[in-house]
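Colleague: Take this structure, written in structure tokens, and hold onto it; I'll ask about it next.
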Amino acid sequence: VVAMSPFVILVVVGSFKVDPSRWWILPDADVDNTLAAMDDDIAGGLLPNFSPAGVLWRPFLNNLFWNLNSFDSAGCLVAELNSTASFVRSMMMGVLLVVLGYFFPLLIAIGSLDSEQADWNDGYMAVITTEVVGPWLGAWTVFAAGISNIGLFQAELSTDAFQLMGMADRGYLPEIFSRRSKHGTPTYGLFLGTVVIVAMGVSDIDRLIEMLNFNYGIALLLEFAAFFKLRVSRPSLERPYRIPLSTLGCALFFFPTIISTVFVMSLATYATYYFSLVACIIGYLLYAARRRNKQGRFFDSMGNNRNNDFVRVADELSFHDEGIETVEETEGVTNEN
């Protein structure tokens with residue numbers, strides 16, 4: 001309520017000051033002034049300073065992608081629920097509220113003021129609420145942003161910690177990350193996440209957003225690939241949720257999302273490509289270590305949650321696939337001989 005109330009007031013009051021013609025005004029085709037105002041020193045990449053119609057698409061799409069992603073992170077916490085009956089409905093409502101919470105305030109903000117693209121910098125929403133409604137709402141917006149950031153920090157830290165715990169449960173990380181406190185929280189995952197956040201807190205926010213988006217894009221593409229693989233190879237597998245479409249229908253449904261994700265990734269800089277390459281190498285090494293240490297204590301394949309159905313089913317599928325690969329390789333060698 002505290003975080004959203006300034007934007008509700010902005011929409012209600014600002015709707016009387018909107019000039020719809022402002023919604024169709026394109027930015028200046030010369031983006032040099034905008035780049036200077038934004039202090040955007042991130043250069044290079046496959047599409048440096050990509051700006052058709054005068055729009056700086058890299059910062060625009062990166063911020064849009066960053067603000068609207070990570071809904072899948074809620075899946076890291078679903079195993080903690082006693083009942084998942086309302087989970088899908090809650091997620092749909094959450095997506096709708098987040099989209100509306102961005103769309104209408106931005107619509108009112110653009111239509112109420114004659115602002116340039118270069119004006120849209122850090123803290124500009126507080127400037128808008130001040131000019132459209134009054135200084136009191138500008139101060140309230142800053143306070144609400146602080147409360148919202150605290151909530152986002154806690155949500156991100158929690159989902160990251162449970163992701164680490166899930167990886168430890170399956171043997172991709174040391175068993176220590178699967179340990180819980182007496183309150184049921186993954187203590188060591190929370191501690192590691194806090195250390196990483198504090199260490200990266202001094203970095204440039206635009207670089208962090210781009211790197212996070214790129215790696216999140218890779219994760220999304222892998223999730224989609226796993227979704228289709230299980231649809232084809234395990235059609236009868238019992239699932240908590242199932243999309244009521246055929247495999248072809250799902251492919252058509254996901255196609256715009258996949259293309260959009262790849263396009264956002266193509267706008268990244270070379271520094272982001274290098275960062276992602278290192279992250280992928282580390283991930284592969286963890287996977288290789290897990291396969292070589294299935295019976296070891298350091299990478300315990302089931303951690304402290306040996307009765308967890310999600311972990312059990314995932315490991316059964318993983319081991320079954322690895323067994324099939326081994327049998328196929330053996331048969332291939334036999335046939336060759």
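By order in the structure tokens, chains are A, B, ...; within a chain, residues start at 1; ligands start at 1, following the order shown.
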Find the residues near Trp23 in chain A: any atom within 10 Å, counting only C-alpha atoms, skip ones fewer than 6 places away on the same chain, and give them as a VMD selection string.
Modeller: chain A and resid 107 to 112
Colleague: Please save N, CA and C atoms of the selected residues as a PDB file, in the first residue's frame.
Modeller:
ATOM      1  N   LEU A 107       2.013   6.231 -18.356  1.00  0.00           N
ATOM      2  CA  LEU A 107       1.127   6.861 -19.325  1.00  0.00           C
ATOM      3  C   LEU A 107       0.758   8.276 -18.865  1.00  0.00           C
ATOM      4  N   ILE A 108       0.429   8.412 -17.583  1.00  0.00           N
ATOM      5  CA  ILE A 108       0.075   9.722 -17.041  1.00  0.00           C
ATOM      6  C   ILE A 108       1.298  10.636 -17.003  1.00  0.00           C
ATOM      7  N   ALA A 109       2.448  10.084 -16.626  1.00  0.00           N
ATOM      8  CA  ALA A 109       3.662  10.900 -16.531  1.00  0.00           C
ATOM      9  C   ALA A 109       4.068  11.466 -17.882  1.00  0.00           C
ATOM     10  N   ILE A 110       4.005  10.637 -18.926  1.00  0.00           N
ATOM     11  CA  ILE A 110       4.388  11.103 -20.263  1.00  0.00           C
ATOM     12  C   ILE A 110       3.382  12.133 -20.792  1.00  0.00           C
ATOM     13  N   GLY A 111       2.107  11.910 -20.507  1.00  0.00           N
ATOM     14  CA  GLY A 111       1.088  12.800 -21.024  1.00  0.00           C
ATOM     15  C   GLY A 111       0.919  14.094 -20.257  1.00  0.00           C
ATOM     16  N   SER A 112       1.472  14.167 -19.053  1.00  0.00           N
ATOM     17  CA  SER A 112       1.273  15.354 -18.212  1.00  0.00           C
ATOM     18  C   SER A 112       2.368  16.390 -18.363  1.00  0.00           C
TER      19      SER A 112
END
Colleague: Using only C-alpha atoms, which protein or nucleic acid residues come within 12 Å of range 149-154 of chain A? Drop anything in the same chain fewer than 2 positions from it, and give the result as a list in words.
Modeller: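 Contacts, in chain order: Val2, Ala3, Asn67, Ser70, Val142, Phe143, Ala144, Ala145, Gly146, Ile147, Glu156, Leu157, Ser158, Thr159, Asp160, Ala161, Leu190, Gly193, Thr194, Ile197 and Val198 of chain A.
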Colleague: Please dump the current selection as a short mmCIF file (atom, residue, chain, number, x, y, z; two decimals), in the first residue's frame; keep C-alpha atoms.
Modeller:
data_model
loop_
_atom_site.label_atom_id
_atom_site.label_comp_id
_atom_site.auth_asym_id
_atom_site.auth_seq_id
_atom_site.Cartn_x
_atom_site.Cartn_y
_atom_site.Cartn_z
CA VAL A 2 2.76 2.44 0.95
CA ALA A 3 4.77 1.64 -2.18
CA ASN A 67 11.54 -4.41 -13.93
CA SER A 70 11.86 -12.80 -12.29
CA VAL A 142 10.96 8.85 -2.54
CA PHE A 143 9.87 7.31 0.77
CA ALA A 144 7.71 4.73 -1.04
CA ALA A 145 10.64 3.87 -3.32
CA GLY A 146 12.77 3.19 -0.25
CA ILE A 147 10.12 0.90 1.24
CA GLU A 156 15.41 -11.29 -4.14
CA LEU A 157 17.60 -12.41 -1.26
CA SER A 158 15.07 -15.07 -0.25
CA THR A 159 14.61 -16.51 -3.74
CA ASP A 160 18.36 -16.55 -4.35
CA ALA A 161 18.95 -18.34 -1.04
CA LEU A 190 21.23 -15.83 2.84
CA GLY A 193 23.68 -13.57 -1.08
CA THR A 194 24.23 -10.68 1.32
CA ILE A 197 25.05 -7.88 -2.92
CA VAL A 198 27.25 -5.78 -0.66
#
Colleague: Between A:Asn62, A:Gln117, A:Ser51, A:Thr130, which residue has the minimum interatomic distance to Thr261 in chain A, considering only C-alpha atoms?
Modeller: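 Under the stated criterion, the closest residue is A:Asn62.
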Colleague: At a cut-off of 8 Å, can you tabulate as JSON lines every residue of range 43-99 of chain A near range 264-274 of chain A together with its closest atom pair and the distance in Å to one decimal, using only C-alpha atoms and ordering rows by chain then number?
Modeller:
{"residue": "A:Ala43", "atom": "CA", "partner": "A:Thr269", "partner_atom": "CA", "distance": 6.4}
{"residue": "A:Gly44", "atom": "CA", "partner": "A:Thr269", "partner_atom": "CA", "distance": 5.2}
{"residue": "A:Gly45", "atom": "CA", "partner": "A:Thr269", "partner_atom": "CA", "distance": 3.9}
{"residue": "A:Leu46", "atom": "CA", "partner": "A:Ser266", "partner_atom": "CA", "distance": 6.4}
{"residue": "A:Leu47", "atom": "CA", "partner": "A:Leu267", "partner_atom": "CA", "distance": 5.5}
{"residue": "A:Pro48", "atom": "CA", "partner": "A:Leu267", "partner_atom": "CA", "distance": 7.1}
{"residue": "A:Phe50", "atom": "CA", "partner": "A:Leu267", "partner_atom": "CA", "distance": 7.6}
{"residue": "A:Arg58", "atom": "CA", "partner": "A:Leu267", "partner_atom": "CA", "distance": 5.8}
{"residue": "A:Leu61", "atom": "CA", "partner": "A:Val264", "partner_atom": "CA", "distance": 6.7}
{"residue": "A:Asn62", "atom": "CA", "partner": "A:Val264", "partner_atom": "CA", "distance": 6.9}
Colleague: Run DSSP on the backbone and tell me which residues of range 58-161 of chain A come out as alpha helix (DSSP H); list them as a PyMOL selection string.
Modeller: chain A and resi 58-68+87-112+124-132+135-161
